[in-house]
$ cat query_12.cif   # mmCIF, C-alpha atoms and all ligand atoms
data_coords
loop_
_atom_site.label_atom_id
_atom_site.label_comp_id
_atom_site.auth_asym_id
_atom_site.auth_seq_id
_atom_site.Cartn_x
_atom_site.Cartn_y
_atom_site.Cartn_z
CA MET A 1 -49.06 9.67 -19.93
CA ALA A 2 -46.35 11.59 -18.06
CA THR A 3 -46.91 15.31 -17.99
CA LYS A 4 -44.15 17.70 -18.84
CA ASN A 5 -42.37 18.05 -15.50
CA GLU A 6 -42.88 14.57 -14.13
CA LEU A 7 -39.91 12.30 -13.67
CA LEU A 8 -39.99 9.42 -16.13
CA LEU A 9 -38.12 6.30 -15.12
CA VAL A 10 -36.53 4.28 -17.89
CA PRO A 11 -36.37 0.60 -16.94
CA GLU A 12 -32.86 -0.83 -16.85
CA SER A 13 -32.59 -4.48 -17.78
CA LEU A 14 -29.61 -6.63 -16.79
CA ALA A 15 -28.42 -6.26 -20.36
CA ASP A 16 -28.51 -2.48 -19.87
CA VAL A 17 -26.42 -2.88 -16.74
CA MET A 18 -23.90 -4.92 -18.72
CA THR A 19 -23.74 -2.27 -21.42
CA GLN A 20 -23.26 0.32 -18.73
CA ALA A 21 -20.36 -1.70 -17.29
CA ASP A 22 -18.69 -1.81 -20.71
CA LYS A 23 -19.10 1.94 -21.11
CA ALA A 24 -17.64 2.58 -17.66
CA SER A 25 -14.61 0.38 -18.40
CA TYR A 26 -14.10 2.09 -21.70
CA MET A 27 -14.28 5.47 -20.01
CA MET A 28 -11.70 4.44 -17.39
CA GLY A 29 -9.34 3.54 -20.21
CA ALA A 30 -9.87 6.94 -21.76
CA VAL A 31 -9.41 8.76 -18.45
CA ARG A 32 -6.22 6.91 -17.78
CA GLY A 33 -5.03 7.66 -21.29
CA ALA A 34 -5.56 11.36 -20.67
CA LEU A 35 -3.90 11.40 -17.25
CA LEU A 36 -0.90 9.29 -18.12
CA ALA A 37 -0.33 10.70 -21.58
CA PRO A 38 1.74 10.65 -23.69
CA GLU A 39 2.99 7.09 -23.18
CA ASN A 40 -0.02 5.91 -21.25
CA LYS A 41 2.35 4.43 -18.69
CA LYS A 42 3.68 5.55 -15.38
CA ALA A 43 7.33 6.46 -14.90
CA ALA A 44 9.51 6.33 -11.80
CA PRO A 45 11.19 9.56 -10.65
CA HIS A 46 14.73 10.74 -11.49
CA PHE A 47 17.13 12.39 -9.07
CA ASN A 48 19.92 14.94 -9.20
CA THR A 49 23.08 14.52 -7.13
CA THR A 50 21.74 16.56 -4.21
CA GLU A 51 18.57 14.48 -4.09
CA LEU A 52 20.59 11.27 -4.34
CA ALA A 53 22.76 12.42 -1.42
CA ALA A 54 19.65 13.05 0.69
CA MET A 55 18.34 9.56 -0.13
CA CYS A 56 21.70 8.13 0.94
CA ASP A 57 21.64 10.11 4.22
CA ALA A 58 24.95 11.54 2.94
CA ASP A 59 26.49 14.84 1.80
CA ARG A 60 26.77 15.78 -1.81
CA SER A 61 30.56 15.75 -1.43
CA GLN A 62 30.47 12.11 -0.26
CA ILE A 63 28.58 11.19 -3.43
CA VAL A 64 31.03 13.03 -5.64
CA TYR A 65 33.97 11.45 -3.82
CA ARG A 66 32.46 7.97 -3.99
CA SER A 67 31.80 8.38 -7.74
CA SER A 68 35.54 8.36 -8.39
CA LYS A 69 35.67 4.70 -7.37
CA GLY A 70 33.51 3.99 -10.38
CA ASP A 71 31.73 0.92 -9.00
CA LEU A 72 28.28 2.50 -8.60
CA PRO A 73 26.04 3.68 -11.47
CA ALA A 74 27.37 6.94 -12.91
CA GLY A 75 24.00 8.35 -13.96
CA THR A 76 23.67 10.55 -17.02
CA ILE A 77 25.43 13.85 -17.43
CA ASN A 78 23.63 16.74 -19.15
CA PRO A 79 25.00 18.19 -22.41
CA GLY A 80 26.45 21.15 -20.47
CA GLY A 81 28.43 18.62 -18.45
CA ASN A 82 27.64 20.16 -15.07
CA ARG A 83 24.64 18.15 -13.89
CA ARG A 84 24.09 14.49 -13.33
CA THR A 85 20.75 12.69 -13.19
CA PHE A 86 20.10 9.24 -11.81
CA THR A 87 17.17 7.03 -12.64
CA LEU A 88 15.60 5.28 -9.66
CA GLU A 89 17.18 2.06 -10.86
CA GLU A 90 20.60 3.74 -10.81
CA ALA A 91 19.95 5.36 -7.44
CA ILE A 92 19.01 2.15 -5.62
CA PRO A 93 22.54 0.62 -5.53
CA TRP A 94 23.80 3.93 -4.10
CA VAL A 95 21.16 3.98 -1.41
CA ARG A 96 21.77 0.34 -0.53
CA GLU A 97 25.51 0.99 -0.29
CA PHE A 98 25.21 4.06 1.94
CA ARG A 99 22.34 2.75 4.08
CA ALA A 100 23.67 -0.80 4.36
CA GLU A 101 23.36 -0.97 8.14
CA LYS A 102 19.65 -0.08 7.97
CA LEU A 103 18.79 -2.86 5.52
CA ARG A 104 17.53 -6.36 6.27
CA PRO A 105 20.25 -8.33 8.05
CA ALA A 106 21.24 -11.81 6.90
CA GLY A 107 18.95 -14.43 8.38
CA ALA A 108 15.99 -12.07 8.76
CA GLN A 109 12.86 -12.29 6.62
CA ALA A 110 10.49 -9.84 4.99
CA VAL A 111 8.33 -8.04 7.52
CA CYS A 112 4.72 -8.32 6.37
CA ILE A 113 2.41 -5.41 7.20
CA SER A 114 -1.34 -5.35 6.63
CA VAL A 115 -2.86 -1.93 6.17
CA ALA A 116 -6.33 -2.44 7.54
CA ASN A 117 -9.50 -0.70 8.59
CA PHE A 118 -13.11 -1.66 7.97
CA LYS A 119 -14.02 1.65 6.61
CA GLY A 120 -13.50 2.80 3.04
CA GLY A 121 -11.92 6.15 2.33
CA VAL A 122 -9.70 6.31 5.42
CA GLY A 123 -6.47 6.21 3.41
CA LYS A 124 -5.58 2.51 3.39
CA THR A 125 -4.61 2.42 -0.26
CA THR A 126 -2.79 5.76 -0.19
CA THR A 127 -0.90 4.65 2.95
CA SER A 128 0.01 1.29 1.37
CA MET A 129 1.38 2.92 -1.75
CA THR A 130 3.24 5.81 -0.10
CA LEU A 131 4.75 3.50 2.50
CA ALA A 132 5.87 1.10 -0.23
CA GLN A 133 7.39 3.93 -2.25
CA GLY A 134 8.97 5.56 0.81
CA LEU A 135 10.59 2.27 1.88
CA ALA A 136 11.73 1.51 -1.67
CA LEU A 137 13.43 4.94 -1.77
CA LYS A 138 15.29 3.89 1.38
CA GLY A 139 16.70 0.89 -0.45
CA HIS A 140 14.28 -1.82 0.62
CA LYS A 141 12.87 -4.36 -1.78
CA VAL A 142 9.12 -4.29 -1.30
CA LEU A 143 6.32 -6.60 -2.39
CA VAL A 144 2.95 -4.87 -2.54
CA MET A 145 -0.12 -7.05 -2.43
CA ASP A 146 -3.45 -5.62 -3.45
CA CYS A 147 -6.11 -7.70 -1.71
CA ASP A 148 -9.05 -5.35 -2.29
CA PRO A 149 -11.22 -6.55 -5.21
CA GLN A 150 -11.76 -2.90 -6.08
CA GLY A 151 -8.12 -2.82 -7.15
CA SER A 152 -7.43 0.83 -6.24
CA LEU A 153 -3.82 0.02 -5.39
CA THR A 154 -3.43 -1.79 -8.69
CA THR A 155 -4.74 1.35 -10.40
CA LEU A 156 -2.07 3.42 -8.62
CA PHE A 157 0.47 1.28 -10.47
CA GLY A 158 -1.12 2.36 -13.75
CA ILE A 159 -2.84 -0.99 -14.29
CA LEU A 160 -6.58 -1.15 -14.87
CA PRO A 161 -8.16 -3.90 -12.75
CA ASP A 162 -11.16 -4.46 -15.02
CA THR A 163 -9.39 -4.90 -18.29
CA GLU A 164 -5.71 -5.50 -17.62
CA VAL A 165 -5.64 -7.96 -14.74
CA ASP A 166 -6.06 -11.66 -15.12
CA GLU A 167 -6.67 -14.16 -12.38
CA SER A 168 -3.10 -15.48 -12.44
CA GLN A 169 -1.77 -12.03 -11.41
CA THR A 170 -3.84 -12.03 -8.20
CA ILE A 171 -4.09 -14.04 -4.99
CA LEU A 172 -7.15 -15.89 -6.36
CA PRO A 173 -5.37 -19.09 -7.54
CA VAL A 174 -3.87 -19.40 -4.05
CA CYS A 175 -7.29 -18.89 -2.42
CA LEU A 176 -8.87 -21.51 -4.69
CA GLY A 177 -6.08 -24.00 -4.05
CA GLN A 178 -4.80 -23.99 -7.63
CA GLU A 179 -1.42 -22.62 -6.53
CA SER A 180 0.36 -23.07 -3.23
CA SER A 181 2.80 -20.17 -3.66
CA ILE A 182 2.23 -16.50 -4.36
CA ALA A 183 5.40 -16.39 -6.49
CA PRO A 184 3.74 -16.93 -9.93
CA ALA A 185 1.36 -13.99 -9.29
CA ILE A 186 4.14 -11.44 -8.71
CA GLN A 187 5.04 -8.90 -11.38
CA SER A 188 7.59 -6.12 -11.52
CA THR A 189 6.29 -2.55 -11.87
CA TYR A 190 7.17 0.88 -13.24
CA TRP A 191 8.91 1.49 -9.90
CA PRO A 192 12.19 -0.45 -9.51
CA GLY A 193 12.24 -2.11 -6.09
CA LEU A 194 8.46 -2.46 -5.94
CA ASP A 195 6.85 -5.72 -7.06
CA LEU A 196 3.11 -6.19 -7.20
CA VAL A 197 0.37 -8.75 -6.84
CA CYS A 198 -2.70 -7.21 -8.48
CA ALA A 199 -6.33 -7.21 -7.46
CA ALA A 200 -9.46 -7.01 -9.60
CA PRO A 201 -13.18 -7.62 -9.11
CA LEU A 202 -12.62 -11.28 -10.01
CA LEU A 203 -11.10 -11.59 -6.53
CA PHE A 204 -14.62 -11.57 -5.06
CA ALA A 205 -14.63 -15.28 -5.96
CA ALA A 206 -12.27 -15.84 -3.01
CA GLU A 207 -15.13 -14.98 -0.66
CA PHE A 208 -16.98 -18.07 -1.90
CA GLY A 209 -13.94 -20.22 -2.61
CA LEU A 210 -12.39 -20.05 0.85
CA PRO A 211 -15.49 -21.08 2.85
CA ALA A 212 -16.28 -23.75 0.25
CA ARG A 213 -12.84 -25.26 0.74
CA GLN A 214 -13.33 -25.14 4.51
CA MET A 215 -16.44 -27.34 4.10
CA ARG A 216 -14.82 -29.70 1.61
CA GLU A 217 -11.19 -30.20 2.58
CA THR A 218 -10.33 -31.88 5.86
CA GLY A 219 -7.64 -30.06 7.81
CA PHE A 220 -8.07 -26.94 5.68
CA GLU A 221 -7.35 -23.68 7.49
CA PHE A 222 -9.16 -20.90 5.67
CA TRP A 223 -7.26 -18.24 7.62
CA ASN A 224 -3.80 -19.54 6.79
CA VAL A 225 -3.86 -19.71 2.99
CA LEU A 226 -2.06 -16.44 2.29
CA ASN A 227 0.29 -17.00 5.20
CA HIS A 228 1.52 -20.28 3.68
CA ALA A 229 1.57 -18.87 0.14
CA LEU A 230 3.88 -16.06 1.26
CA ASP A 231 6.41 -18.37 2.90
CA ASP A 232 7.97 -18.94 -0.49
CA VAL A 233 8.95 -15.29 -0.93
CA ARG A 234 9.68 -14.08 2.60
CA ASP A 235 13.41 -14.46 1.94
CA LEU A 236 13.23 -12.49 -1.31
CA TYR A 237 11.80 -9.22 0.04
CA ASP A 238 12.57 -6.85 2.87
CA VAL A 239 9.00 -5.75 3.39
CA ILE A 240 5.60 -7.03 2.22
CA ILE A 241 2.73 -4.54 2.34
CA VAL A 242 -0.83 -5.79 2.03
CA ASP A 243 -3.67 -3.42 1.18
CA THR A 244 -6.95 -4.86 2.43
CA PRO A 245 -10.62 -4.37 1.52
CA PRO A 246 -12.91 -2.32 3.77
CA ALA A 247 -14.52 -5.39 5.36
CA LEU A 248 -13.56 -8.26 7.62
CA SER A 249 -13.75 -10.60 4.65
CA TYR A 250 -12.10 -14.01 4.31
CA VAL A 251 -9.33 -12.31 2.36
CA THR A 252 -8.82 -9.67 5.07
CA ILE A 253 -8.56 -12.39 7.71
CA ASN A 254 -5.93 -14.08 5.55
CA ALA A 255 -4.00 -10.83 5.18
CA LEU A 256 -4.04 -10.21 8.93
CA MET A 257 -3.00 -13.77 9.75
CA ALA A 258 -0.15 -13.60 7.23
CA SER A 259 1.19 -10.38 8.73
CA ASP A 260 3.79 -9.56 11.33
CA GLY A 261 2.15 -6.23 12.01
CA ILE A 262 -0.98 -4.17 11.43
CA LEU A 263 -1.07 -0.54 10.41
CA MET A 264 -4.46 1.10 10.75
CA PRO A 265 -5.02 4.43 8.99
CA LEU A 266 -7.56 6.39 10.97
CA PRO A 267 -8.87 9.90 10.27
CA PRO A 268 -9.61 11.66 13.57
CA ASN A 269 -13.35 12.05 13.23
CA ALA A 270 -16.13 10.48 15.23
CA LEU A 271 -17.54 8.13 12.59
CA ASP A 272 -14.16 6.74 11.59
CA ALA A 273 -13.13 6.30 15.20
CA ALA A 274 -16.36 4.39 15.85
CA SER A 275 -15.78 2.11 12.89
CA ALA A 276 -12.21 1.46 14.05
CA ALA A 277 -13.63 0.34 17.38
CA GLN A 278 -15.90 -2.10 15.52
CA PHE A 279 -12.89 -3.42 13.61
CA TRP A 280 -11.07 -4.37 16.80
CA ARG A 281 -14.24 -5.83 18.32
CA LEU A 282 -15.01 -8.03 15.32
CA PHE A 283 -11.42 -9.03 14.77
CA SER A 284 -11.03 -9.96 18.41
CA ASP A 285 -14.30 -11.96 18.38
CA LEU A 286 -13.05 -13.85 15.37
CA ALA A 287 -9.59 -14.33 16.85
CA GLY A 288 -11.27 -15.58 20.04
CA GLN A 289 -13.12 -18.25 18.04
CA LEU A 290 -9.98 -19.33 16.23
CA VAL A 291 -8.08 -19.58 19.50
CA GLU A 292 -10.82 -21.44 21.36
CA GLN A 293 -12.20 -23.71 18.68
CA ARG A 294 -9.11 -24.41 16.64
CA GLY A 295 -6.23 -23.76 18.98
CA VAL A 296 -4.75 -21.12 16.68
CA THR A 297 -1.98 -18.98 18.12
CA LYS A 298 -0.83 -15.76 16.55
CA ASN A 299 1.34 -12.94 17.82
CA PHE A 300 1.78 -9.64 16.05
CA ASP A 301 5.10 -7.88 16.37
CA PHE A 302 3.36 -4.54 16.23
CA VAL A 303 0.03 -2.79 15.84
CA ARG A 304 0.09 0.88 14.93
CA VAL A 305 -2.53 3.53 14.24
CA LEU A 306 -1.73 6.29 11.74
CA LEU A 307 -3.79 9.45 11.85
CA THR A 308 -4.69 10.26 8.25
CA ARG A 309 -6.61 12.99 6.47
CA VAL A 310 -6.13 15.16 9.55
CA ASP A 311 -8.09 18.37 9.14
CA SER A 312 -6.54 20.87 11.54
CA GLN A 313 -9.25 23.41 10.61
CA ASP A 314 -11.96 21.16 12.03
CA SER A 315 -12.77 22.09 15.62
CA THR A 316 -13.41 18.48 16.68
CA THR A 317 -10.06 17.15 15.45
CA ALA A 318 -8.12 17.95 18.62
CA THR A 319 -10.69 16.25 20.87
CA ILE A 320 -10.90 13.11 18.79
CA ARG A 321 -7.13 12.93 18.31
CA ASP A 322 -6.83 13.05 22.10
CA TRP A 323 -9.46 10.37 22.49
CA ILE A 324 -7.71 8.14 19.94
CA SER A 325 -4.33 8.52 21.62
CA LYS A 326 -5.87 7.45 24.96
CA THR A 327 -7.69 4.50 23.39
CA TYR A 328 -4.69 3.28 21.39
CA GLU A 329 -2.14 4.19 24.01
CA GLY A 330 1.40 3.65 22.78
CA LYS A 331 0.15 2.51 19.37
CA VAL A 332 -0.42 5.83 17.63
CA LEU A 333 2.50 6.75 15.36
CA PRO A 334 4.04 10.09 16.30
CA ALA A 335 3.33 11.48 12.83
CA GLU A 336 0.15 12.33 11.04
CA ILE A 337 -0.95 12.82 7.45
CA PRO A 338 -2.70 16.14 6.89
CA LYS A 339 -5.79 16.40 4.79
CA THR A 340 -4.24 17.76 1.65
CA THR A 341 -5.09 18.64 -1.89
CA VAL A 342 -1.83 17.00 -2.96
CA ALA A 343 -3.30 13.60 -2.14
CA SER A 344 -6.59 14.30 -3.86
CA SER A 345 -5.45 16.24 -6.93
CA SER A 346 -6.37 14.87 -10.32
CA SER A 347 -3.15 13.05 -11.08
CA ALA A 348 -3.18 11.62 -7.56
CA GLU A 349 -5.95 9.29 -8.69
CA PHE A 350 -3.21 7.46 -10.54
CA GLY A 351 -0.35 8.30 -8.24
CA THR A 352 0.81 9.66 -4.92
CA VAL A 353 2.91 12.51 -3.62
CA TYR A 354 5.98 10.44 -4.65
CA ASP A 355 4.79 10.34 -8.27
CA VAL A 356 4.25 14.06 -8.64
CA ALA A 357 7.41 15.35 -10.33
CA LYS A 358 6.28 18.94 -10.28
CA TYR A 359 3.33 19.94 -8.12
CA GLU A 360 1.19 22.63 -9.74
CA GLY A 361 -0.08 24.11 -6.50
CA SER A 362 1.74 25.66 -3.55
CA GLN A 363 5.22 24.25 -2.87
CA LYS A 364 4.62 24.66 0.84
CA THR A 365 1.54 22.45 0.64
CA TYR A 366 3.43 19.86 -1.36
CA LYS A 367 6.39 19.83 1.03
CA ARG A 368 4.14 19.49 4.06
CA ALA A 369 2.44 16.45 2.54
CA ARG A 370 5.66 14.88 1.32
CA ASP A 371 7.39 15.42 4.69
CA ALA A 372 4.47 13.78 6.49
CA TYR A 373 4.61 10.63 4.33
CA GLU A 374 8.39 10.64 4.63
CA ARG A 375 8.16 10.73 8.43
CA VAL A 376 5.79 7.75 8.39
CA SER A 377 8.28 5.76 6.28
CA GLU A 378 11.07 6.63 8.73
CA LEU A 379 9.00 5.55 11.72
CA MET A 380 7.88 2.35 10.01
CA GLU A 381 11.48 1.58 9.02
CA GLU A 382 12.45 1.73 12.70
CA ILE A 383 9.63 -0.67 13.55
CA ILE A 384 10.61 -2.99 10.69
CA ARG A 385 14.22 -3.02 11.87
CA ALA A 386 13.09 -3.81 15.41
CA THR A 387 11.07 -6.72 13.98
CA TRP A 388 14.15 -8.05 12.17
CA ARG A 389 16.12 -7.84 15.42
CA ARG A 390 13.40 -9.79 17.18
CA GLN A 391 13.41 -12.44 14.44
CA LEU A 392 17.15 -12.88 14.80
CA SER A 393 17.08 -13.05 18.59
CA ASN A 394 14.29 -15.64 18.44
CA GLN A 395 16.47 -17.75 16.19
CA GLY A 396 19.58 -17.38 18.33
N1 LIG A 401 -4.25 12.92 3.22
C1 LIG A 401 -5.25 13.01 2.36
N2 LIG A 401 -5.86 14.19 2.14
C2 LIG A 401 -6.88 14.29 1.26
N3 LIG A 401 -7.35 13.28 0.53
C3 LIG A 401 -6.79 12.06 0.71
C4 LIG A 401 -5.72 11.86 1.64
N4 LIG A 401 -5.36 10.56 1.58
C5 LIG A 401 -6.17 9.98 0.69
N5 LIG A 401 -7.03 10.87 0.14
C6 LIG A 401 -8.07 10.61 -0.86
O1 LIG A 401 -9.14 9.96 -0.21
C7 LIG A 401 -9.68 8.93 -1.01
C8 LIG A 401 -9.64 7.60 -0.26
O2 LIG A 401 -8.31 7.25 0.01
P1 LIG A 401 -7.84 5.74 -0.08
O3 LIG A 401 -6.39 5.70 0.25
O4 LIG A 401 -8.25 5.15 -1.37
O5 LIG A 401 -8.68 5.09 1.11
P2 LIG A 401 -9.15 3.58 1.37
O6 LIG A 401 -8.17 2.68 0.71
O7 LIG A 401 -9.13 3.44 2.86
O8 LIG A 401 -10.52 3.45 0.81
C9 LIG A 401 -8.86 8.93 -2.29
O9 LIG A 401 -9.56 9.65 -3.27
C10 LIG A 401 -7.57 9.64 -1.92
O10 LIG A 401 -7.01 10.29 -3.04
MG MG A 402 -8.51 1.13 -0.65
#

$ encode --input "query_12.cif" --output "structure tokens" --more "lines below"
Ligand SMILES: Nc1ncnc2c1ncn2[C@@H]1O[C@H](COP(=O)(O)OP(=O)(O)O)[C@@H](O)[C@H]1O
Ligand SMILES: [Mg+2]
Amino acid sequence: MATKNELLLVPESLADVMTQADKASYMMGAVRGALLAPENKKAAPHFNTTELAAMCDADRSQIVYRSSKGDLPAGTINPGGNRRTFTLEEAIPWVREFRAEKLRPAGAQAVCISVANFKGGVGKTTTSMTLAQGLALKGHKVLVMDCDPQGSLTTLFGILPDTEVDESQTILPVCLGQESSIAPAIQSTYWPGLDLVCAAPLLFAAEFGLPARQMRETGFEFWNVLNHALDDVRDLYDVIIVDTPPALSYVTINALMASDGILMPLPPNALDAASAAQFWRLFSDLAGQLVEQRGVTKNFDFVRVLLTRVDSQDSTTATIRDWISKTYEGKVLPAEIPKTTVASSSSAEFGTVYDVAKYEGSQKTYKRARDAYERVSELMEEIIRATWRRQLSNQG
């Protein structure tokens, strides 16, 4: 008999675990309902004329002048008749018109970027989403692929992986050989210009399916499945961003091998830096095997490290930042994402700094975070444009 203050363990059967899973899913639905109320769906931002001008790298007067031509969306005028608002859908043709020379040139293909790091919690998913949104605001058509079975990126789109994602909306059919193209898995999202391939826990099946096919099918290349599946859509998008799981899984290898470039988010602290070192070691061991045993060749157009969750209050940050910039010489982006409450506020669980219409906290904090993400998009756009130029010169 347990006495009064002794801990009493209640046995949990597998059935209990299943009930628990149902409860947790139900609770996620309720949480999402509360955060995304009233419609329970996410909405893309709206812009006034000044904001539209900034997106177009233009002056307000240029927008007003260009409006008179009447060939671009007019937006909606307020009842007072003195202010115009543009939905994102209306803003995109403007941005594409004004930023035409920065967009994908004819003959170039989507630049595919894997956001990768072995470690969880380093900012992979946040970086994937903010980069996708930032590039979409610059007029690029972006495909976002969630390849992490946890489906955090899918959640950022307001879709619940456990209850709202079915196999056909993920990369699973491609991994299992039921589909050869990723095209049927793509869906449009609340954000015009951003299309999505979802992830959900069911994607874990790929970790058994891919090695099983390697054993069974002659000539099968387990590392090239996603690469081939993407070929179908590389002409339809400007950029493809792949969020990867925190492991060198079969799916991660596929993401890396399908990509033109790698972006590694890395918080400047000792543990994260150590795990980044392991990533490169393991990836290079694996690449070495593929090269030696199977004659695989693969060149990346770029590899970049992005310092994330940078805590300038922490006394070790400066030392580790220095150490990282020496280790990844020439690869560290000249921008960093501060550790910020904007990224970890309640609504941020279902969105990013680009989704927050009105930040409740300090405007200075918000602006600092937004500017940092914006700078990363600018830098990545330059790298993407350089990749397009390389593609074209290789063709010519
Ligand atoms: N710059 C930041 N400052 C503070 N918290 C952040 C920042 N970026 C991301 N986070 C939070 O850290 C957690 C992990 O980020 P996430 O992007 O999901 O990492 P990963 O995909 O590598 O696991 C999330 O709760 C996210 O809201
Ligand atoms: Mg993640």

$ atom_distance --input "query_12.cif" --atom1 "CA of Trp323 in chain A" --atom2 "CA of Met264 in chain A"
15.8 Å

$ residues_near_ligand --input "query_12.cif" --ligand "ligand LIG 401 (chain A)" --cutoff "6 Å" --atoms "all atoms listed in the file" --output "PyMOL selection string"
chain A and resi 120-126+308-309+337-341+343-344+349

$ closest_atom_pairs --input "query_12.cif" --of "chain A" --to "ligand MG 402 (chain A)" --cutoff "12 Å" --atoms "all atoms listed in the file" --output "CSV"
residue,atom,partner,partner_atom,distance
A:Val115,CA,A:MG402,MG,9.4
A:Ala116,CA,A:MG402,MG,9.2
A:Asn117,CA,A:MG402,MG,9.5
A:Phe118,CA,A:MG402,MG,10.2
A:Lys119,CA,A:MG402,MG,9.1
A:Gly120,CA,A:MG402,MG,6.4
A:Gly121,CA,A:MG402,MG,6.8
A:Val122,CA,A:MG402,MG,8.1
A:Gly123,CA,A:MG402,MG,6.8
A:Lys124,CA,A:MG402,MG,5.2
A:Thr125,CA,A:MG402,MG,4.1
A:Thr126,CA,A:MG402,MG,7.4
A:Thr127,CA,A:MG402,MG,9.1
A:Ser128,CA,A:MG402,MG,8.8
A:Met129,CA,A:MG402,MG,10.1
A:Met145,CA,A:MG402,MG,11.9
A:Asp146,CA,A:MG402,MG,8.9
A:Cys147,CA,A:MG402,MG,9.2
A:Asp148,CA,A:MG402,MG,6.7
A:Pro149,CA,A:MG402,MG,9.3
A:Gln150,CA,A:MG402,MG,7.5
A:Gly151,CA,A:MG402,MG,7.6
A:Ser152,CA,A:MG402,MG,5.7
A:Leu153,CA,A:MG402,MG,6.8
A:Thr154,CA,A:MG402,MG,9.9
A:Thr155,CA,A:MG402,MG,10.5
A:Leu156,CA,A:MG402,MG,10.5
A:Ala199,CA,A:MG402,MG,11.0
A:Val242,CA,A:MG402,MG,10.7
A:Asp243,CA,A:MG402,MG,6.9
A:Thr244,CA,A:MG402,MG,6.9
A:Pro245,CA,A:MG402,MG,6.3
A:Pro246,CA,A:MG402,MG,7.1
A:Ala247,CA,A:MG402,MG,10.7
A:Pro265,CA,A:MG402,MG,10.8
A:Glu349,CA,A:MG402,MG,11.7

$ atom_distance --input "query_12.cif" --atom1 "CA of Ala273 in chain A" --atom2 "CA of Leu306 in chain A"
11.9 Å

$ closest_residue --input "query_12.cif" --among "A:Pro211, A:Ile63, A:Phe157, A:Arg234" --to "Gln133 in chain A" --atoms "only C-alpha atoms"
A:Phe157

$ closest_residue --input "query_12.cif" --among "A:Val310, A:Val64, A:Val142, A:Ala276" --to "Arg104 in chain A" --atoms "only C-alpha atoms"
A:Val142
